[in-house]
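Asks: Handing you this structure, nothing more for now.
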Amino acid sequence: MIKAILIFNNHGKPRLSKFYEHYNEDIEQQIIRETFHLVSKRDENVCNFLEGGLLIGGSDNKLIYRHYATLYFVFCVDSAESELGILDLIQVFVETLDKCFENVCELDLIFHVDKVHHILAEMVMGGMVLETNMNEIITQVDAQVKMERSEAGIAGAPARAVSAVKNMNLPEMPKNINIGDISIKVNLLLQRL
Amino acid sequence: MALKIVKGSIDRMFDKNLQDLVRGIRNHKEDEAKYISTCIDEIKQELKQDNIAVKANAVCKLTYLQMLGYDISWAAFNIVEVMSSSKFTYKRIGYLAASQCFHEGTDVIMLTTNQIRKDLSSPNQYDTGVALTGLSCFVTPDLARDLANDIMTLMSHTKPYIRKKAVLIMYKVFLKYPESLRPAFPRLKEKLEDPDPGVQSAAVNVICELARRNPKNYLSLAPLFFKLMTSSTNNWVLIKIIKLFGALTPLEPRLGKKLIEPLTNLIHSRLVITLHRASVEKNVCLIGLVLPIVCVCVCVSNAVLISLSSGMPNHSASIQLCVQKLRILIEDSDQNLKYLGLLAMSKILKTHPKSVQSHKDLILQCLDDKDESIRLRALDLLYGMVSKKNLMEIVKKLMLHVDKAEGTTYRDELLTKIIDICSQSNYQYITNFEWYISILVELTRLEGTRHGHLIASQMLDVAIRVKAIRGFAVAQMAMLLDSGHLLTGNMQRNGICEVLYAAAWICGEFSEHLDDPMQTLEAMLRPKVASLPGHIQAVYVQNAAKLFATVLQKHEGATDSQAAQDTSQLLIERLPLFVQSANLEVQERASCILQLVKYIQKLQQKDVEVAEEVSALFAGELNPVAPKAQKKVPVPEGLDLDAWINEPPSESESEDEKPKAVFAKEEPKQSRARHIEVDEKELARRREARKQEQANNPFYIKSSPSSQKVYQDAPGVEHIPVVQIDLSVPLKVPGMPMSEQYLKLEEERRQKERADKKKKDKKKKKREKRGKGKRDDSGPESEEDITPAHQVDIVTEEMPENALPSDDDDKDPNDPHKALDIDLDKYVPSAENTLHKVTVCMLHAEKQGDLSITRHFLV
């Protein structure tokens, strides 16, 4: 069984946390911190397995992780899972993300954590591996995206337009512009139309 | 209408969505908490609106905040609302939020049952899928019971997408509602042969999880799995099946025999190819192919073990093959393979220690690896590899690592491992306890370790149970106490000062072995001691009293009354410091002993000999008691612990009646005991009386004399002639002990022994006929050849007489998998079946003309 799946960056900021056993929020944060602490102090060219996380599970559990550029992908699993199997699964997960986001980077995960959750849900369900075939995963994810689009339909179009405006490279704009101002301008625009 | 929708969505599009929230948080790095709290206020406003889209947006944001550590359980009801939206988009948001924050204690969960049922039967497969995914995270016993049938129906859904999810979630349902396992099992079994590989893999997954805990119930599936194993191309399925066989083989010898062939082939073919490809391309997917090897090894080792026990000895070759291949893995440059090799090695070690032991060099080499995970694995292996012969050598190597190790976690791990290795199976491998004590003392020099109490308990254990070593141990402990201030440098956070607890106790209890008790007494009463933790101070004070008794006896023996009085004076001067201690325990003991010493001083001034009586206070020997002894005391016949001692008082009794003594008549309180100090003779008399009483009480754990009676097979302590300590070992080691010298001494000793033996052998050989084959003298000495340096008697822990030899008290009664231990092959008569059986019986009986039976059934 998989006990938890965590993604955090090189500074330990969580980008995704999925626990398959219930912990309250404080303990979840502690687990994330502890895991980050354990994983981040390891060199690059050592093995991807780690024992000794104290908070989740105990001696039967181990952490299996991979480090990609700025992100750590950590799976906490018990002895029923094969170590290399999980490593493979992480790779499948990342490749799937790459396909779904088109050249995935940390920013995609930051702004679309819900989407990452939905992709993960097609791979792992309740702590058990559901699907390892990347094509199958992508097919299902795409079908659901399509459904979402069709539901949004005509009503969704303006929202998408606005979010496109919002998603324009904001850091280049003066920082003190807040979203409220933009909305007024757009309102005027709409009235003129 | 359309206009209204458009207008609504225009209003909505300026609400803050998830991306805006994330962006906002990133722009408020300095006052993140404040910003988030305003966002939460906004979200609360949004949740109050009727528009489901707004609510869904709010819930989506909450899910993000949950990840950052904010409690969102207050919005549970809103989450349920969003879950019940008819639109897939919102439904999915709702289920995601629920899966992140719902748990068994969430009370709104019971509102969801019907909604989930509706979603499960939705015509849209993704509605069903989302509901199943969500449910898998927050299923409760109630939900499992109510929905088990619906999910079971979905297991035969036309769409494989639903089927595989339904199959997988059944495991969660079984865990929460074990009764569903039996009815669902036939269908689950059917899914093992589902045409869709995803469904098949899900079914294998579920059955493997089930079988891991209770393998014997799934033996009947072995042929099916065997077929799958030989036909499947899916690595995931293959790994799972091999792991499953690993659990099954110990139960069914024939299975092991059958498996050995294909598994050995697997090792031969796969490992070679994949190692080659892995090292060439370094691609995970390819390494993925190596997956089964590790499991295979385990499996084979089990299989070989079985076949050995069933009289087929020619399979040890397979285990050799495994170990050799593992060696290739461990020597590989890829760290992951190295780790897995070691992991598999440790599994083989359990069944075939001999074949792993020959690779000791490799394992020791791994201790130098830069990777901590690999070092820990190697340590784990070492634990199983020690023998009397190599223990000292291995521990020496580990001690070197302790010195080198940086970072306390790994060093602590090393420390516990050293102690584990040495103390395993009742100190079986230790031939020289002086060496072990010096190792323990050396370990106390580690700074900042958490395991002070572990070292302390080892010291206590060895000193109590190995009588021959007490003299040495006491000398070492006295030295520790003397240099106690070194250990307590920055004591507040230093766990190592725990060893002083052990040191003080050992010095006090076995003070007769001390060379200079006075000096130790001095050391124990230094003012600096007051900065130690309370429980250690308490032991110091108590044992100072024991030492005091010894010192008195010594002085009075030498009729040096002045020295004896000086000692009392010392105690009277130093003890008040402890009387003022904030720790109650210390305070109580100190003031008690202070009064005692004052009284003794008075007697001394009258030239009364007191030593005898003072030491009577601490007479008698403490024996170790097994940790489970208390639990194993059998309940004597005729004693019903649940029965009322007295009848419960009837309710009609008036309440203002005076409470009566339940057990006995109240005796007038002995005021004497409080005010008058009990004199020594009285104390001694009482002690004697109590001893007598305890001796007659079969349930009291007795002091040493009775241990002979309890352990008749083990030689009693008293029978062993106290051993002449080997003179080659200097009794007094100047300064701190160095464990290394023992290594040398041990080596010499063994050589000498060997030489002696050779001589004897030669003599023997001369007498024997020459025709016999030459004995290989250069060969490794066998275990039996090594005699312990000192004759050591390890006192066994005491157990109550007639203890029940039950070992099943280790099982965790709360294990959820226990409920799933259901024999699935057993025929269980359901209501219909019983009826059917009865009818058949009746017919049968009628045929035979035995009407009485028929009548019996009819009744």
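Ordering of the structure tokens sets the chain letters (A, B, ...); residue numbers start at 1 within each chain; ligands are numbered from 1 in the order shown.
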Could you please tell me, as an mmCIF file with N, CA, C and O atoms, in the first residue's frame, which residues of chain A have an atom within 7 Å of chain B when using only C-alpha atoms?
Replies:
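Saved result, selection_36.cif, follows:
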data_model
loop_
_atom_site.group_PDB
_atom_site.id
_atom_site.type_symbol
_atom_site.label_atom_id
_atom_site.label_comp_id
_atom_site.auth_asym_id
_atom_site.auth_seq_id
_atom_site.Cartn_x
_atom_site.Cartn_y
_atom_site.Cartn_z
ATOM 1 N N LEU A 16 2.108 19.318 -3.554
ATOM 2 C CA LEU A 16 0.971 18.400 -3.568
ATOM 3 C C LEU A 16 1.138 17.490 -2.367
ATOM 4 O O LEU A 16 2.242 17.062 -2.053
ATOM 5 N N SER A 17 0.039 17.271 -1.671
ATOM 6 C CA SER A 17 0.127 16.277 -0.609
ATOM 7 C C SER A 17 -1.115 15.418 -0.667
ATOM 8 O O SER A 17 -2.221 15.922 -0.763
ATOM 9 N N TYR A 20 -3.143 8.823 2.261
ATOM 10 C CA TYR A 20 -4.163 7.784 2.130
ATOM 11 C C TYR A 20 -4.597 7.245 3.493
ATOM 12 O O TYR A 20 -5.358 6.299 3.579
ATOM 13 N N HIS A 22 -5.762 8.965 7.400
ATOM 14 C CA HIS A 22 -6.093 10.292 7.889
ATOM 15 C C HIS A 22 -5.114 10.761 8.968
ATOM 16 O O HIS A 22 -4.813 10.045 9.905
ATOM 17 N N GLU A 25 -4.238 18.195 10.134
ATOM 18 C CA GLU A 25 -3.409 19.075 9.304
ATOM 19 C C GLU A 25 -2.039 19.344 9.921
ATOM 20 O O GLU A 25 -1.041 19.393 9.210
ATOM 21 N N ASP A 26 -1.995 19.491 11.242
ATOM 22 C CA ASP A 26 -0.712 19.797 11.870
ATOM 23 C C ASP A 26 0.280 18.665 11.649
ATOM 24 O O ASP A 26 1.440 18.885 11.303
ATOM 25 N N GLN A 29 1.577 18.530 8.164
ATOM 26 C CA GLN A 29 2.664 19.487 7.928
ATOM 27 C C GLN A 29 3.968 18.994 8.533
ATOM 28 O O GLN A 29 5.026 19.128 7.935
ATOM 29 N N VAL A 46 22.988 8.995 -4.683
ATOM 30 C CA VAL A 46 22.790 7.882 -3.752
ATOM 31 C C VAL A 46 21.477 7.200 -4.133
ATOM 32 O O VAL A 46 20.801 7.643 -5.053
ATOM 33 N N CYS A 47 21.152 6.136 -3.402
ATOM 34 C CA CYS A 47 19.969 5.403 -3.835
ATOM 35 C C CYS A 47 18.688 6.170 -3.493
ATOM 36 O O CYS A 47 18.706 7.118 -2.721
ATOM 37 N N ASN A 48 17.602 5.758 -4.082
ATOM 38 C CA ASN A 48 16.347 6.498 -3.956
ATOM 39 C C ASN A 48 15.460 5.987 -2.840
ATOM 40 O O ASN A 48 14.287 6.300 -2.796
ATOM 41 N N PHE A 49 16.010 5.166 -1.979
ATOM 42 C CA PHE A 49 15.193 4.582 -0.912
ATOM 43 C C PHE A 49 15.694 5.082 0.426
ATOM 44 O O PHE A 49 16.879 5.279 0.615
ATOM 45 N N LEU A 50 14.763 5.214 1.319
ATOM 46 C CA LEU A 50 15.123 5.828 2.585
ATOM 47 C C LEU A 50 14.247 5.220 3.660
ATOM 48 O O LEU A 50 13.039 5.162 3.534
ATOM 49 N N GLU A 51 14.897 4.770 4.719
ATOM 50 C CA GLU A 51 14.113 4.262 5.842
ATOM 51 C C GLU A 51 14.266 5.239 6.988
ATOM 52 O O GLU A 51 15.216 5.998 7.033
ATOM 53 N N LEU A 84 11.512 -0.826 -6.784
ATOM 54 C CA LEU A 84 11.746 -0.364 -8.149
ATOM 55 C C LEU A 84 10.430 -0.098 -8.866
ATOM 56 O O LEU A 84 10.355 0.762 -9.727
ATOM 57 N N GLY A 85 9.406 -0.845 -8.490
ATOM 58 C CA GLY A 85 8.094 -0.618 -9.083
ATOM 59 C C GLY A 85 7.615 0.796 -8.817
ATOM 60 O O GLY A 85 7.112 1.481 -9.713
ATOM 61 N N ASP A 88 9.473 3.317 -10.790
ATOM 62 C CA ASP A 88 8.932 3.320 -12.131
ATOM 63 C C ASP A 88 7.637 4.134 -12.175
ATOM 64 O O ASP A 88 7.409 4.920 -13.087
ATOM 65 N N PHE A 111 0.148 26.305 -9.821
ATOM 66 C CA PHE A 111 -1.138 26.926 -10.136
ATOM 67 C C PHE A 111 -2.244 25.921 -10.439
ATOM 68 O O PHE A 111 -3.413 26.273 -10.471
ATOM 69 N N ALA A 121 -5.223 10.732 -9.458
ATOM 70 C CA ALA A 121 -6.348 9.857 -9.125
ATOM 71 C C ALA A 121 -6.533 8.756 -10.166
ATOM 72 O O ALA A 121 -7.113 7.715 -9.872
ATOM 73 N N MET A 125 -5.275 4.835 -6.411
ATOM 74 C CA MET A 125 -6.594 5.017 -5.818
ATOM 75 C C MET A 125 -6.585 4.446 -4.405
ATOM 76 O O MET A 125 -6.269 3.267 -4.209
ATOM 77 N N GLY A 126 -6.867 5.277 -3.464
ATOM 78 C CA GLY A 126 -6.931 4.816 -2.073
ATOM 79 C C GLY A 126 -5.668 4.106 -1.620
ATOM 80 O O GLY A 126 -5.732 3.217 -0.789
ATOM 81 N N LEU A 130 -3.531 1.894 -9.451
ATOM 82 C CA LEU A 130 -4.702 1.631 -10.286
ATOM 83 C C LEU A 130 -4.282 1.371 -11.721
ATOM 84 O O LEU A 130 -4.754 0.445 -12.362
ATOM 85 N N GLU A 131 -3.392 2.187 -12.225
ATOM 86 C CA GLU A 131 -3.043 2.083 -13.644
ATOM 87 C C GLU A 131 -1.595 2.526 -13.816
ATOM 88 O O GLU A 131 -1.171 3.527 -13.229
ATOM 89 N N GLU A 148 -15.384 18.520 -18.976
ATOM 90 C CA GLU A 148 -15.392 19.774 -18.230
ATOM 91 C C GLU A 148 -15.642 20.938 -19.182
ATOM 92 O O GLU A 148 -16.457 21.815 -18.939
ATOM 93 N N ALA A 155 -21.029 29.498 -21.251
ATOM 94 C CA ALA A 155 -20.816 30.282 -20.045
ATOM 95 C C ALA A 155 -19.354 30.294 -19.642
ATOM 96 O O ALA A 155 -18.888 31.221 -18.995
ATOM 97 N N PRO A 158 -16.235 33.352 -21.419
ATOM 98 C CA PRO A 158 -15.688 34.593 -20.872
ATOM 99 C C PRO A 158 -14.751 34.349 -19.698
ATOM 100 O O PRO A 158 -13.730 35.016 -19.566
ATOM 101 N N ALA A 159 -15.091 33.376 -18.873
ATOM 102 C CA ALA A 159 -14.240 33.091 -17.724
ATOM 103 C C ALA A 159 -12.855 32.693 -18.194
ATOM 104 O O ALA A 159 -11.852 33.121 -17.628
ATOM 105 N N VAL A 162 -11.006 35.768 -19.318
ATOM 106 C CA VAL A 162 -10.479 36.572 -18.212
ATOM 107 C C VAL A 162 -9.277 35.890 -17.592
ATOM 108 O O VAL A 162 -8.264 36.519 -17.299
ATOM 109 N N SER A 183 -10.739 44.349 -13.377
ATOM 110 C CA SER A 183 -12.127 43.967 -13.598
ATOM 111 C C SER A 183 -12.960 45.191 -13.966
ATOM 112 O O SER A 183 -13.860 45.103 -14.789
#
Asks: List the spatial neighbours of segment 58-69 of chain A as a PyMOL selection string - criterion: any atom at most 10 Å away, only C-alpha atoms, same-chain residues fewer than 3 positions off excluded.
Replies: chain A and resi 1-10+35+38-40+44+47-55+72-81+83-84+86-87+90-91+94+105-106
Asks: Could those selected residues go to a file with C-alpha atoms, as a CSV table (one decimal), in the first residue's frame?
Replies:
chain,number,residue,atom,x,y,z
A,1,MET,CA,0.0,0.0,0.0
A,2,ILE,CA,1.0,3.6,-0.6
A,3,LYS,CA,0.6,5.6,2.5
A,4,ALA,CA,1.2,9.1,1.2
A,5,ILE,CA,2.4,10.9,-1.9
A,6,LEU,CA,4.2,14.2,-1.5
A,7,ILE,CA,5.6,16.7,-3.9
A,8,PHE,CA,7.6,19.6,-2.5
A,9,ASN,CA,10.3,21.8,-3.9
A,10,ASN,CA,13.9,22.3,-3.0
A,35,THR,CA,10.3,14.1,4.9
A,38,LEU,CA,15.3,13.6,5.4
A,39,VAL,CA,15.3,13.7,1.7
A,40,SER,CA,16.9,17.1,1.0
A,44,GLU,CA,22.4,13.3,-5.8
A,47,CYS,CA,20.0,5.4,-3.8
A,48,ASN,CA,16.3,6.5,-4.0
A,49,PHE,CA,15.2,4.6,-0.9
A,50,LEU,CA,15.1,5.8,2.6
A,51,GLU,CA,14.1,4.3,5.8
A,52,GLY,CA,13.6,6.0,9.1
A,53,GLY,CA,10.7,8.4,8.7
A,54,LEU,CA,9.2,8.4,12.2
A,55,LEU,CA,5.8,9.9,11.7
A,72,TYR,CA,11.0,16.2,-5.0
A,73,PHE,CA,8.5,13.4,-5.6
A,74,VAL,CA,8.2,11.3,-2.5
A,75,PHE,CA,6.1,8.1,-2.1
A,76,CYS,CA,5.8,6.6,1.4
A,77,VAL,CA,5.0,2.9,1.0
A,78,ASP,CA,4.9,-0.2,3.1
A,79,SER,CA,6.7,-3.5,2.4
A,80,ALA,CA,4.0,-4.8,0.0
A,81,GLU,CA,5.2,-2.5,-2.7
A,83,GLU,CA,10.8,-0.5,-4.5
A,84,LEU,CA,11.7,-0.4,-8.1
A,86,ILE,CA,7.4,2.6,-7.2
A,87,LEU,CA,10.4,4.3,-8.8
A,90,ILE,CA,7.0,8.0,-10.2
A,91,GLN,CA,8.6,8.2,-13.6
A,94,VAL,CA,6.1,12.7,-14.1
A,105,CYS,CA,7.6,22.9,-14.7
A,106,GLU,CA,7.1,23.8,-11.1
Asks: Can you tell me how far atom CA of Ala478 of chain B sits from atom CA of Glu609 of chain B, in Å to one decimal?
Replies: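 Distance between the two atoms: 27.5 Å.
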Asks: Among segment 104-179 of chain B, which residues carry a DSSP assignment of helix (DSSP H, G or I), reported as a ChimeraX atom specification?
Replies: /B:107-111,113-120,125-138,141-154,160-176,178-179
Asks: To one decimal place, how far is atom CA of His535 of chain B from atom CA of Gln587 of chain B in Å?
Replies: 11.0 Å
Asks: At what distance in Å, to one decimal, does atom CA of Val608 of chain B lie from atom CA of Arg589 of chain B?
Replies: 25.0 Å
